file coords02.tsv (TSV, C-alpha atoms)
chain	number	residue	atom	x	y	z
A	1	MET	CA	87.82	43.29	23.53
A	2	ARG	CA	88.31	45.90	20.85
A	3	LEU	CA	91.76	47.47	21.06
A	4	THR	CA	90.81	51.11	20.43
A	5	LEU	CA	92.90	54.25	20.73
A	6	GLN	CA	90.62	55.27	23.62
A	7	MET	CA	91.99	52.37	25.64
A	8	LEU	CA	95.53	53.75	25.42
A	9	ILE	CA	94.48	57.33	26.32
A	10	SER	CA	93.46	57.72	29.97
A	11	HIS	CA	92.35	61.35	30.11
A	12	GLY	CA	89.77	61.96	32.84
A	13	ARG	CA	89.96	58.44	34.26
A	14	MET	CA	89.64	58.69	38.05
A	15	ALA	CA	90.22	56.14	40.76
A	16	ARG	CA	87.07	54.77	42.41
A	17	ARG	CA	86.24	55.99	45.93
A	18	MET	CA	84.66	53.52	48.34
A	19	GLY	CA	83.74	53.68	52.02
A	20	LEU	CA	85.03	56.43	54.32
A	21	GLY	CA	88.48	56.92	52.75
A	22	PRO	CA	91.46	55.06	51.21
A	23	GLN	CA	92.06	52.98	54.35
A	24	SER	CA	88.35	52.10	54.55
A	25	ARG	CA	88.39	51.16	50.86
A	26	ILE	CA	91.29	48.77	51.38
A	27	ASN	CA	89.52	47.21	54.37
A	28	ILE	CA	86.33	46.68	52.38
A	29	LEU	CA	88.26	45.11	49.49
A	30	ARG	CA	90.21	42.95	51.92
A	31	ASN	CA	87.00	41.53	53.37
A	32	ILE	CA	85.59	40.85	49.92
A	33	LEU	CA	88.85	39.20	48.82
A	34	THR	CA	88.86	36.96	51.91
A	35	GLY	CA	85.31	35.90	51.06
A	36	LEU	CA	86.32	35.22	47.46
A	37	VAL	CA	89.26	33.04	48.48
A	38	ARG	CA	87.06	31.10	50.91
A	39	HIS	CA	84.01	30.58	48.71
A	40	GLU	CA	85.56	30.95	45.22
A	41	ARG	CA	82.36	32.54	43.92
A	42	ILE	CA	80.73	35.64	45.40
A	43	GLU	CA	78.24	38.26	44.33
A	44	THR	CA	78.73	41.94	45.15
A	45	THR	CA	78.12	45.29	43.52
A	46	THR	CA	79.71	45.82	40.10
A	47	GLY	CA	82.12	48.52	41.30
A	48	ARG	CA	83.45	46.45	44.22
A	49	ALA	CA	83.81	43.35	42.05
A	50	ASP	CA	85.78	45.32	39.48
A	51	GLU	CA	88.14	46.67	42.18
A	52	VAL	CA	88.63	43.29	43.89
A	53	ARG	CA	89.48	41.64	40.56
A	54	PHE	CA	92.79	43.51	40.36
A	55	TYR	CA	93.75	42.61	43.92
A	56	ALA	CA	92.63	38.99	43.50
A	57	GLU	CA	94.88	38.49	40.47
A	58	LYS	CA	97.82	40.26	42.14
A	59	LEU	CA	97.40	38.01	45.18
A	60	ILE	CA	97.65	34.92	42.96
A	61	ASP	CA	100.79	36.35	41.37
A	62	TYR	CA	102.32	36.77	44.83
A	63	ALA	CA	101.18	33.26	45.85
A	64	LYS	CA	102.91	31.78	42.80
A	65	LYS	CA	106.26	32.87	44.30
A	66	GLY	CA	105.82	30.11	46.88
A	67	ASP	CA	105.15	30.18	50.62
A	68	THR	CA	108.87	30.31	51.54
A	69	ASP	CA	109.03	33.83	50.04
A	70	GLU	CA	108.98	36.49	52.78
A	71	LYS	CA	107.10	39.13	50.79
A	72	ALA	CA	104.50	36.68	49.50
A	73	MET	CA	103.70	35.43	53.01
A	74	LYS	CA	103.41	39.00	54.34
A	75	MET	CA	101.04	39.93	51.52
A	76	ALA	CA	98.92	36.82	52.04
A	77	SER	CA	98.67	37.32	55.80
A	78	PHE	CA	97.72	40.98	55.30
A	79	TRP	CA	95.07	40.40	52.65
A	80	LEU	CA	93.46	37.28	54.13
A	81	THR	CA	91.88	38.11	57.47
A	82	GLU	CA	90.97	34.45	58.13
A	83	LYS	CA	94.32	32.73	58.56
A	84	ASP	CA	93.16	29.23	57.57
A	85	LEU	CA	92.90	30.51	53.99
A	86	VAL	CA	96.65	31.23	53.73
A	87	PRO	CA	97.56	27.52	53.24
A	88	LYS	CA	94.58	27.17	50.88
A	89	LEU	CA	95.91	30.05	48.77
A	90	PHE	CA	99.44	28.62	48.50
A	91	LYS	CA	98.50	24.94	48.11
A	92	VAL	CA	95.25	25.05	46.11
A	93	LEU	CA	94.93	28.30	44.15
A	94	ALA	CA	98.59	28.87	43.19
A	95	PRO	CA	99.09	25.37	41.66
A	96	ARG	CA	95.72	25.63	39.92
A	97	PHE	CA	96.89	28.65	37.89
A	98	GLU	CA	100.48	27.51	37.30
A	99	THR	CA	100.11	27.29	33.54
A	100	GLN	CA	98.19	30.60	33.17
A	101	SER	CA	99.84	34.01	33.37
A	102	ASN	CA	96.77	36.25	33.80
A	103	GLY	CA	93.01	36.06	33.79
A	104	TYR	CA	92.41	33.99	36.92
A	105	THR	CA	89.02	35.54	37.64
A	106	ARG	CA	85.74	35.82	35.80
A	107	MET	CA	83.19	38.57	36.37
A	108	ALA	CA	79.63	38.61	35.02
A	109	ARG	CA	76.78	40.99	35.64
A	110	ILE	CA	73.59	39.64	37.19
A	111	PRO	CA	70.14	41.23	37.48
A	112	ASN	CA	69.95	44.23	39.84
A	113	ARG	CA	69.54	43.70	43.57
A	114	LEU	CA	65.89	43.36	44.62
A	115	ASN	CA	66.20	45.98	47.43
A	116	LEU	CA	64.99	49.55	47.20
A	117	ASP	CA	68.44	50.59	45.94
A	118	ARG	CA	68.33	48.30	42.83
A	119	ALA	CA	72.14	48.21	42.83
A	120	LYS	CA	74.09	46.79	39.87
A	121	MET	CA	75.32	43.37	40.96
A	122	ALA	CA	78.10	41.18	39.62
A	123	VAL	CA	79.27	37.65	40.35
A	124	LEU	CA	83.04	37.19	40.69
A	125	GLU	CA	84.71	33.79	40.69
A	126	TYR	CA	88.10	32.16	40.42
A	127	LYS	CA	88.30	30.01	37.28
A	128	GLY	CA	88.47	26.27	37.85
A	129	ASN	CA	86.16	26.26	40.87
A	130	PRO	CA	84.22	23.04	41.66
A	131	PHE	CA	80.78	24.64	41.32
A	132	PRO	CA	78.48	24.45	38.26
A	133	PRO	CA	79.57	26.89	35.54
A	134	LEU	CA	77.83	30.26	35.17
A	135	TYR	CA	77.73	29.93	31.39
A	136	PRO	CA	76.94	26.31	30.47
A	137	VAL	CA	79.22	24.89	27.80
A	138	LYS	CA	77.34	24.32	24.53
A	139	LYS	CA	77.74	20.84	23.18
A	140	GLU	CA	77.45	20.11	19.49
A	141	THR	CA	74.67	17.56	18.95
A	142	GLU	CA	73.43	16.14	15.69
A	143	LEU	CA	69.89	15.98	17.07
A	144	THR	CA	68.99	19.64	16.38
A	145	LEU	CA	66.75	20.39	13.39
A	146	LEU	CA	69.35	22.49	11.60
A	147	ASN	CA	72.04	19.84	11.98
A	148	GLN	CA	69.66	17.12	10.71
A	149	LEU	CA	68.73	19.19	7.63
A	150	LEU	CA	72.41	19.92	6.89
A	151	LYS	CA	73.25	16.21	7.30
A	152	GLY	CA	70.47	15.30	4.82
A	153	TYR	CA	71.73	17.93	2.35
A	154	ARG	CA	75.30	16.62	2.59
A	155	GLU	CA	74.10	13.06	1.97
A	156	GLU	CA	72.03	14.13	-1.06
A	157	ARG	CA	75.02	16.01	-2.52
A	158	ALA	CA	77.24	12.99	-1.99
A	159	GLN	CA	74.64	10.73	-3.71
A	160	ALA	CA	74.26	13.11	-6.66
A	161	LEU	CA	78.06	13.33	-7.12
A	162	SER	CA	78.45	9.55	-6.94
A	163	THR	CA	75.67	8.97	-9.55
A	164	GLU	CA	77.29	11.60	-11.87
A	165	ALA	CA	80.67	9.96	-11.53
B	1	MET	CA	58.19	110.77	75.59
B	2	MET	CA	59.66	109.53	72.30
B	3	ASN	CA	56.34	110.05	70.50
B	4	ILE	CA	56.15	113.70	71.62
B	5	ALA	CA	59.71	114.29	70.47
B	6	ALA	CA	58.95	112.67	67.13
B	7	LEU	CA	55.78	114.79	66.80
B	8	VAL	CA	57.69	118.01	67.55
B	9	ASN	CA	60.38	117.03	65.07
B	10	SER	CA	57.88	116.26	62.32
B	11	LEU	CA	56.06	119.57	62.97
B	12	ARG	CA	59.32	121.48	62.74
B	13	CYS	CA	60.21	119.68	59.50
B	14	SER	CA	56.83	120.39	57.94
B	15	LEU	CA	57.05	124.11	58.90
B	16	LEU	CA	60.50	124.38	57.37
B	17	HIS	CA	59.27	122.55	54.29
B	18	ILE	CA	56.40	125.05	53.87
B	19	GLU	CA	58.87	127.92	54.29
B	20	SER	CA	61.23	126.58	51.65
B	21	ARG	CA	58.36	126.00	49.20
B	22	LEU	CA	57.18	129.63	49.73
B	23	LEU	CA	60.73	130.84	49.14
B	24	GLN	CA	60.90	128.74	45.93
B	25	VAL	CA	57.66	130.30	44.70
B	26	ALA	CA	58.93	133.78	45.59
B	27	GLY	CA	62.18	133.01	43.78
B	28	LEU	CA	64.43	133.66	46.75
B	29	THR	CA	65.92	130.14	47.17
B	30	LEU	CA	69.51	129.46	48.02
B	31	ASP	CA	71.33	127.16	45.57
B	32	THR	CA	73.00	124.02	46.95
B	33	GLN	CA	76.29	125.27	45.49
B	34	LEU	CA	76.17	128.27	47.78
B	35	ALA	CA	75.43	126.09	50.82
B	36	PRO	CA	78.05	126.04	53.61
B	37	ALA	CA	80.72	123.27	53.32
B	38	LEU	CA	80.22	122.31	56.96
B	39	ALA	CA	77.09	120.28	57.85
B	40	VAL	CA	75.08	122.30	60.42
B	41	ASN	CA	73.19	120.39	63.07
B	42	GLY	CA	69.94	122.16	63.76
B	43	PRO	CA	67.15	123.94	61.92
B	44	SER	CA	68.33	125.70	58.77
B	45	LEU	CA	66.70	127.18	55.73
B	46	LEU	CA	68.61	125.10	53.15
B	47	PRO	CA	66.88	122.83	50.61
B	48	GLN	CA	68.85	119.86	52.11
B	49	LEU	CA	65.94	119.71	54.52
B	50	ASP	CA	63.78	118.04	51.88
B	51	ARG	CA	66.12	115.10	51.62
B	52	GLU	CA	66.52	114.98	55.41
B	53	ASP	CA	62.77	114.92	55.72
B	54	GLU	CA	62.35	112.08	53.26
B	55	MET	CA	65.20	110.09	54.89
B	56	GLU	CA	63.61	110.54	58.32
B	57	GLU	CA	60.28	109.35	56.99
B	58	GLN	CA	61.92	106.36	55.37
B	59	HIS	CA	63.82	105.60	58.58
B	60	ASN	CA	60.58	105.70	60.58
B	61	SER	CA	58.86	103.25	58.26
B	62	GLU	CA	61.93	100.94	58.14
B	63	GLN	CA	62.23	100.79	61.92
B	64	SER	CA	59.21	98.44	61.86
B	65	PRO	CA	60.09	94.68	61.29
B	66	GLY	CA	62.34	94.13	58.25
B	67	PHE	CA	60.63	90.98	56.93
B	68	LEU	CA	57.76	92.99	55.51
B	69	ASP	CA	60.39	94.70	53.40
B	70	GLY	CA	61.55	91.31	52.03
B	71	ILE	CA	58.08	90.29	50.85
B	72	LEU	CA	58.06	93.17	48.45
B	73	TRP	CA	60.84	91.61	46.28
B	74	MET	CA	60.10	87.81	46.58
B	75	ALA	CA	59.52	85.83	43.35
B	76	ALA	CA	55.93	84.90	42.57
B	77	PRO	CA	54.19	83.70	39.42
B	78	LYS	CA	52.59	86.49	37.48
B	79	LYS	CA	50.11	84.46	35.49
B	80	ARG	CA	48.54	81.00	35.61
B	81	ARG	CA	50.51	78.54	33.45
B	82	THR	CA	48.25	77.40	30.65
B	83	ILE	CA	47.59	73.72	30.06
B	84	GLU	CA	49.42	73.89	26.72
B	85	ILE	CA	52.61	75.14	28.38
B	86	ASN	CA	52.22	72.59	31.19
B	87	ARG	CA	51.77	69.79	28.66
B	88	THR	CA	54.90	70.73	26.69
B	89	ARG	CA	56.93	70.76	29.91
B	90	ARG	CA	55.55	67.49	31.29
B	91	ARG	CA	55.79	65.61	27.99
B	92	ALA	CA	59.26	66.83	27.01
B	93	ASP	CA	61.47	64.13	25.49
B	94	SER	CA	63.81	64.05	28.50
B	95	LYS	CA	60.91	63.25	30.87
B	96	LEU	CA	59.34	60.42	28.87
B	97	LEU	CA	60.26	56.78	29.50
B	98	LYS	CA	63.00	55.50	27.20
B	99	VAL	CA	62.46	52.40	25.08
B	100	LYS	CA	65.01	49.63	25.70
B	101	ASN	CA	66.04	47.65	22.65
B	102	ASN	CA	68.62	45.43	24.37
B	103	ILE	CA	66.15	42.83	25.69
B	104	GLU	CA	66.28	39.33	24.20
B	105	PRO	CA	65.17	35.82	25.22
B	106	CYS	CA	67.74	33.58	26.88
B	107	PRO	CA	68.65	30.72	24.50
B	108	GLU	CA	68.72	28.21	27.38
B	109	CYS	CA	65.47	28.80	29.26
B	110	GLY	CA	63.57	31.32	27.14
B	111	HIS	CA	63.17	33.92	29.90
B	112	LEU	CA	63.83	37.51	28.87
B	113	LYS	CA	67.22	38.98	29.70
B	114	GLN	CA	69.27	42.06	28.86
B	115	LYS	CA	72.09	41.48	26.42
B	116	HIS	CA	74.95	42.40	28.79
B	117	ILE	CA	73.43	40.79	31.92
B	118	MET	CA	73.14	37.09	32.81
B	119	CYS	CA	69.76	35.39	32.63
B	120	GLY	CA	68.16	35.63	36.09
B	121	PHE	CA	66.51	32.21	35.90
B	122	CYS	CA	69.66	30.37	34.82
B	123	TYR	CA	71.71	32.15	37.51
B	124	ALA	CA	69.12	31.33	40.21
B	125	LYS	CA	69.25	27.67	39.11
B	126	VAL	CA	73.06	27.65	39.44
B	127	CYS	CA	72.81	29.46	42.81
B	128	LYS	CA	70.46	26.81	44.24
B	129	GLU	CA	72.77	23.99	43.25
B	130	THR	CA	75.87	25.78	44.63
B	131	ALA	CA	74.00	26.40	47.90
B	132	LEU	CA	73.32	22.68	48.29
B	133	ILE	CA	76.95	21.84	47.44
B	134	ARG	CA	78.14	24.42	50.02
B	135	GLN	CA	75.85	22.88	52.66
B	136	GLN	CA	77.48	19.51	52.02
B	137	MET	CA	80.97	21.09	52.22
B	138	LYS	CA	80.08	22.78	55.53
B	139	ALA	CA	78.93	19.45	56.97
B	140	MET	CA	82.19	17.82	55.84
B	141	GLU	CA	84.37	20.59	57.30
B	142	GLY	CA	82.66	20.45	60.71
B	143	GLY	CA	83.38	23.77	62.41
B	144	PRO	CA	84.22	27.25	61.12
B	145	LEU	CA	87.63	28.17	59.61
B	146	GLY	CA	88.15	24.69	58.26
B	147	ALA	CA	89.21	25.43	54.69
B	148	PRO	CA	90.91	22.34	53.17
B	149	THR	CA	94.34	22.50	51.56
B	150	VAL	CA	93.30	20.29	48.61
B	151	GLU	CA	91.08	20.87	45.60
B	152	THR	CA	87.40	19.92	45.70
B	153	VAL	CA	85.37	17.93	43.17
B	154	VAL	CA	81.61	17.32	43.13
B	155	LEU	CA	80.33	13.85	42.27
B	156	TYR	CA	76.72	12.89	41.71
B	157	GLU	CA	74.96	9.55	42.10
B	158	GLY	CA	76.60	6.64	40.42
B	159	GLU	CA	79.86	8.43	39.66
B	160	THR	CA	83.26	7.15	40.72
B	161	PRO	CA	86.29	9.39	41.18
B	162	SER	CA	88.48	9.37	38.07
B	163	GLU	CA	92.31	9.48	37.78
B	164	LEU	CA	92.42	13.29	38.11
B	165	ASP	CA	90.26	13.25	41.27
B	166	LYS	CA	92.69	11.05	43.22
B	167	ASP	CA	93.96	13.59	45.78
B	168	LYS	CA	90.93	15.85	45.89
B	169	ARG	CA	88.23	16.27	48.50
B	170	ILE	CA	85.08	14.59	47.16
B	171	VAL	CA	81.70	16.22	47.81
B	172	GLU	CA	78.81	13.79	47.28
B	173	ARG	CA	75.46	15.05	46.02
B	174	GLY	CA	72.58	12.65	46.29
B	175	ARG	CA	70.97	13.20	42.93
B	176	LYS	CA	71.42	12.59	39.24
B	177	ARG	CA	73.91	14.91	37.51
B	178	PRO	CA	72.01	17.85	35.94
B	179	ALA	CA	72.36	18.30	32.17
B	180	TRP	CA	73.76	21.82	32.48
B	181	PHE	CA	76.57	20.73	34.83
B	182	SER	CA	78.98	18.69	32.79
B	183	SER	CA	82.07	17.66	34.76

call {"tool": "encode", "arguments": {"input": "coords02.tsv", "output": "structure tokens"}}
result
Amino acid sequence: MRLTLQMLISHGRMARRMGLGPQSRINILRNILTGLVRHERIETTTGRADEVRFYAEKLIDYAKKGDTDEKAMKMASFWLTEKDLVPKLFKVLAPRFETQSNGYTRMARIPNRLNLDRAKMAVLEYKGNPFPPLYPVKKETELTLLNQLLKGYREERAQALSTEA
Amino acid sequence: MMNIAALVNSLRCSLLHIESRLLQVAGLTLDTQLAPALAVNGPSLLPQLDREDEMEEQHNSEQSPGFLDGILWMAAPKKRRTIEINRTRRRADSKLLKVKNNIEPCPECGHLKQKHIMCGFCYAKVCKETALIRQQMKAMEGGPLGAPTVETVVLYEGETPSELDKDKRIVERGRKRPAWFSS
């Protein structure tokens, strides 16, 4: 993204409020994070996805310390309400992101919810999940019209140069 | 009883009023500056009576319900709003629908999408496939809370697990691999 001066200045930036209060907000985010660790791809509202992203990446950073670490285990057992996900976090997700230092999650906006509220929705996923990709990878093929025309042009140029020489 | 008292009072006031007016005409009025400093309770020939009279009359009328008083100062339109004025208000720029210029066709499927939002059709396609994969995973896990401690890989018909997929849980899907899902 563009590194502007506005990014460094944080005047007027306020923390998001969710649910009934700070404790309620943490509980909501904890539930969403548990779902994310279980399913590795979830869709929620844009605001909630943005908040959970921070906690999801911090959780991976704690998991990278290893499951023998006291603090890491406490964090994992607090944030994951379903306790069968704690071994999954330490044995599947932490090794997956060993080589990366940040950017373990991907968030993309999807069309608004079809309810009366028409809420802004986003899909949040851990990178490297087994499911089909959200953005399909574009493969370079020679079979497109433009590529065929360029190939013909290159061949003609090569022919002309060889006849000159 | 109260009515008789009020009648007597009003008669007395009117008589005193007539007297003071006659005195005024004759030129024998007493100035307010010469009035006694102490307020006298009872009939007196001072011009203060006029104000007392008016206040009593006002009091009598205000003793009736107070909401009638409120109606006198409530806001109400003075004139009918003309159609020209109505039109300018209804068709103001802030009330018209805004034109969106961030709509473009998706390069994959051709459905329209907004520039900063994923294509709905492509996302629905991916959702369907992930739902089927998740069904298969649920069947493999058996009961609830059965998250595996190994990575998962999805293989389609006619595919064998490669070197990297040795120690992973394999989820079989009984169909040909779709073009948009390259391993």

call {"tool": "residues_around", "arguments": {"input": "coords02.tsv", "residues": "Cys109 (chain B)", "least_positions_apart": "2", "cutoff": "8 Å", "atoms": "only C-alpha atoms", "output": "list in words"}}
result
Cys106, Pro107, His111, Phe121 and Cys122 of chain B

call {"tool": "closest_residue", "arguments": {"input": "coords02.tsv", "among": "A:Met18, A:Leu124, A:Ala160, A:Ala63", "to": "Leu85 (chain A)", "atoms": "only C-alpha atoms"}}
result
A:Ala63

call {"tool": "closest_atom_pairs", "arguments": {"input": "coords02.tsv", "of": "chain B", "to": "chain A", "cutoff": "12 Å", "atoms": "only C-alpha atoms", "output": "tab-separated table"}}
result
residue	atom	partner	partner_atom	distance
B:Cys106	CA	A:Tyr135	CA	11.6
B:Pro107	CA	A:Lys138	CA	10.8
B:Glu108	CA	A:Pro136	CA	9.0
B:Cys109	CA	A:Pro136	CA	11.8
B:Leu112	CA	A:Pro111	CA	11.3
B:Lys113	CA	A:Pro111	CA	8.6
B:Gln114	CA	A:Pro111	CA	8.7
B:Lys115	CA	A:Arg109	CA	10.4
B:His116	CA	A:Arg109	CA	7.2
B:Ile117	CA	A:Arg109	CA	5.0
B:Met118	CA	A:Ile110	CA	5.1
B:Cys119	CA	A:Ile110	CA	7.3
B:Gly120	CA	A:Pro111	CA	6.1
B:Phe121	CA	A:Pro111	CA	9.9
B:Cys122	CA	A:Leu134	CA	8.2
B:Tyr123	CA	A:Leu134	CA	6.8
B:Ala124	CA	A:Ile110	CA	9.9
B:Lys125	CA	A:Leu134	CA	9.8
B:Val126	CA	A:Pro132	CA	6.4
B:Cys127	CA	A:Pro132	CA	8.8
B:Lys128	CA	A:Pro132	CA	10.3
B:Glu129	CA	A:Pro132	CA	7.6
B:Thr130	CA	A:Phe131	CA	6.0
B:Ala131	CA	A:Phe131	CA	9.6
B:Leu132	CA	A:Phe131	CA	10.4
B:Ile133	CA	A:Phe131	CA	7.7
B:Arg134	CA	A:His39	CA	8.6
B:Gln135	CA	A:His39	CA	11.9
B:Met137	CA	A:His39	CA	10.6
B:Lys138	CA	A:His39	CA	11.1
B:Pro144	CA	A:Asp84	CA	9.8
B:Leu145	CA	A:Asp84	CA	6.0
B:Gly146	CA	A:Asp84	CA	6.8
B:Ala147	CA	A:Asp84	CA	6.2
B:Pro148	CA	A:Lys88	CA	6.5
B:Thr149	CA	A:Lys88	CA	4.7
B:Val150	CA	A:Val92	CA	5.7
B:Glu151	CA	A:Val92	CA	5.9
B:Thr152	CA	A:Pro130	CA	6.0
B:Val153	CA	A:Pro130	CA	5.5
B:Val154	CA	A:Pro130	CA	6.5
B:Leu155	CA	A:Pro130	CA	10.0
B:Asp165	CA	A:Pro130	CA	11.5
B:Asp167	CA	A:Val92	CA	11.5
B:Lys168	CA	A:Val92	CA	10.2
B:Arg169	CA	A:Pro130	CA	10.4
B:Ile170	CA	A:Pro130	CA	10.1
B:Val171	CA	A:Pro130	CA	9.5
B:Arg173	CA	A:Phe131	CA	11.9
B:Arg177	CA	A:Pro132	CA	10.6
B:Pro178	CA	A:Pro132	CA	9.5
B:Ala179	CA	A:Pro136	CA	9.4
B:Trp180	CA	A:Pro136	CA	5.9
B:Phe181	CA	A:Pro132	CA	5.4
B:Ser182	CA	A:Pro132	CA	8.0
B:Ser183	CA	A:Pro132	CA	8.4

call {"tool": "atom_distance", "arguments": {"input": "coords02.tsv", "atom1": "CA of Arg17 (chain A)", "atom2": "CA of Thr45 (chain A)"}}
result
13.6 Å

call {"tool": "residues_around", "arguments": {"input": "coords02.tsv", "residues": "Thr81 (chain A)", "least_positions_apart": "6", "cutoff": "10 Å", "atoms": "all atoms listed in the file", "output": "list in words"}}
result
Asn27, Arg30, Asn31, Leu33, Thr34 and Gly35 of chain A

call {"tool": "atom_distance", "arguments": {"input": "coords02.tsv", "atom1": "CA of Phe78 (chain A)", "atom2": "CA of Arg53 (chain A)"}}
result
16.9 Å

call {"tool": "atom_distance", "arguments": {"input": "coords02.tsv", "atom1": "CA of Gly47 (chain A)", "atom2": "CA of Ile9 (chain A)"}}
result
21.3 Å

call {"tool": "residues_around", "arguments": {"input": "coords02.tsv", "residues": "Lys151 (chain A)", "least_positions_apart": "5", "cutoff": "9 Å", "atoms": "only C-alpha atoms", "output": "MDAnalysis selection string"}}
result
chainID A and resid 142 146 156

call {"tool": "write_last_selection", "arguments": {"input": "coords02.tsv", "atoms": "C-alpha atoms", "output": "PDB file, keeping the file's coordinate frame"}}
result
ATOM      1  CA  GLU A 142      73.430  16.140  15.690  1.00  0.00           C
ATOM      2  CA  LEU A 146      69.350  22.490  11.600  1.00  0.00           C
ATOM      3  CA  GLU A 156      72.030  14.130  -1.060  1.00  0.00           C
TER       4      GLU A 156
END

call {"tool": "residues_near_point", "arguments": {"input": "coords02.tsv", "point": "(90.2, 36.6, 37.2)", "cutoff": "7 Å", "atoms": "all atoms listed in the file", "output": "PyMOL selection string"}}
result
chain A and resi 53+57+103-106+126-127

call {"tool": "axis_aligned_box", "arguments": {"input": "coords02.tsv", "around": "region 108-121 of chain A", "padding_each_side": "3 Å", "output": "lines of an AutoDock Vina configuration file"}}
result
center_x = 72.3
center_y = 44.6
center_z = 41.2
size_x = 20.6
size_y = 18.0
size_z = 18.4

call {"tool": "residues_around", "arguments": {"input": "coords02.tsv", "residues": "Ala94 (chain A)", "least_positions_apart": "6", "cutoff": "9 Å", "atoms": "only C-alpha atoms", "output": "list of chain:residue names"}}
result
A:Ile60, A:Asp61, A:Tyr62, A:Ala63, A:Lys64, A:Lys65, A:Gly66, A:Lys88

call {"tool": "build_atoms", "arguments": {"input": "coords02.tsv", "residues": "region 68-73 of chain A", "atoms": "all heavy atoms", "output": "compact mmCIF listing (two decimals), keeping the file's coordinate frame"}}
result
# COMPACT_ATOMS: atom_id res chain seq x y z
N THR A 68 107.61 30.03 50.85
CA THR A 68 108.87 30.31 51.54
C THR A 68 109.26 31.77 51.35
O THR A 68 110.07 32.30 52.11
CB THR A 68 109.99 29.42 51.00
OG1 THR A 68 109.88 29.38 49.56
CG2 THR A 68 109.86 28.02 51.55
N ASP A 69 108.70 32.44 50.32
CA ASP A 69 109.03 33.83 50.04
C ASP A 69 108.48 34.75 51.13
O ASP A 69 107.28 34.68 51.46
CB ASP A 69 108.47 34.22 48.67
CG ASP A 69 109.05 35.51 48.15
OD1 ASP A 69 110.29 35.62 48.18
OD2 ASP A 69 108.27 36.38 47.74
N GLU A 70 109.36 35.62 51.66
CA GLU A 70 108.98 36.49 52.78
C GLU A 70 107.85 37.45 52.38
O GLU A 70 106.83 37.58 53.07
CB GLU A 70 110.23 37.27 53.21
CG GLU A 70 110.06 38.10 54.46
CD GLU A 70 109.74 37.30 55.69
OE1 GLU A 70 110.40 36.26 55.91
OE2 GLU A 70 108.81 37.67 56.41
N LYS A 71 108.05 38.12 51.24
CA LYS A 71 107.10 39.13 50.79
C LYS A 71 105.73 38.51 50.51
O LYS A 71 104.70 39.06 50.87
CB LYS A 71 107.65 39.80 49.52
CG LYS A 71 106.86 40.99 49.00
CD LYS A 71 107.12 42.25 49.79
CE LYS A 71 106.09 43.33 49.51
NZ LYS A 71 106.31 44.00 48.22
N ALA A 72 105.76 37.34 49.86
CA ALA A 72 104.50 36.68 49.50
C ALA A 72 103.71 36.31 50.76
O ALA A 72 102.50 36.53 50.82
CB ALA A 72 104.79 35.41 48.68
N MET A 73 104.40 35.81 51.77
CA MET A 73 103.70 35.43 53.01
C MET A 73 103.14 36.66 53.71
O MET A 73 102.02 36.62 54.24
CB MET A 73 104.69 34.68 53.92
CG MET A 73 104.06 34.03 55.12
SD MET A 73 102.58 33.10 54.76
CE MET A 73 103.23 31.51 54.35
